[in-house]
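Worksheet for the structure shown next.
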Amino acid sequence: MLPPGPTTLISKFGYLAVAGIIGLESLGLPLPGEATLIAAALYSGTGQQLNIWLVVASASLGAIVGDNVGFWLGRELGFPALLRYGSYVGLNEGRMKVGQYLFRLHGGKIVFLGRFFAVLRLWAALLAGANQMAWPKFLVFNTAGAILWATIYGFGAYYLGHELEHLAKLTAATLGVIGILVLILIFILTMRHEAELTAKAEAALPGPIMRRRRRST
């Protein structure tokens, strides 16, 4: 039996539902993107009107477009908001530079792997934009991650059926816990080495943070 919520939308709107739900999740909304992809793949495997190749293509497209919109929102709205209000939550310019420095070094890995972790799937694009990651680099890693994710879960559900559905739930929960633990570990390490990271960030990204943003856009 297929998941009732996503399947109802899929049966009515087809590929548009797949792309739309996954795109909105990638934009930062807490929607069941992964469950929708699996449901659509299972639905296509029952001999219905959906083609699995087009399901995977729709999921990939939705993820890529949603993430790029999220990146734009992070860069154009999130970054100015952090500049203006970040100090109220302890996020001064030095710490913002550290964030940009870390995304310069590891942004590709964060964006690519973030597609497979529920929490990061919601926030990776927004964070990349807010931390002024170069858009061409973001696009490459985001596209690669989106296509690989859609391919694994789409064709996996199509060929393995409900076995993958149950496995995906366990995997998602496990990866969610791991993702949270990794984020906590990164936060702890960053705080412990804040002075060193701040110095490295200042050396790599000298000058006022707003001026650097104008050059990078």
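Naming works like this for the structure tokens: A, B, ... for the chains as they're shown, residue 1 at the start of each chain, ligands 1 onward in shown order.
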For range 51-54 of chain A, work out the shell of residues within 8 Å, counting only C-alpha atoms and skipping chain neighbours fewer than 2 positions away, then give it as a ChimeraX atom specification. /A:15,41,44-45,49,56-58,154-155,158
Nearest to Asn142 in chain A: which of A:Val18, A:Leu50, A:Ile209, A:Ala63 is it, counting only C-alpha atoms? A:Ala63
Provide the CA of Leu120 in chain A to CA of Arg84 in chain A distance in Å, to one decimal place.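 Those two atoms sit 24.5 Å apart.
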Residue nearest Glu202 in chain A among A:Gly94, A:Gly99, A:Gly14, A:Gly107 (counting only C-alpha atoms):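 Of all the options, A:Gly94 lies closest to Glu202 in chain A.
Considering the residues A:Ser87, A:Gln100, A:Asn68, A:Asn92 and counting only C-alpha atoms, Trp135 in chain A has its shortest atom-to-atom contact with A:Asn68.
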What is the distance between CA of Ile64 in chain A and CA of Arg95 in chain A, in Å to one decimal?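 Pair CA of Ile64 in chain A / CA of Arg95 in chain A returns 28.8 Å.
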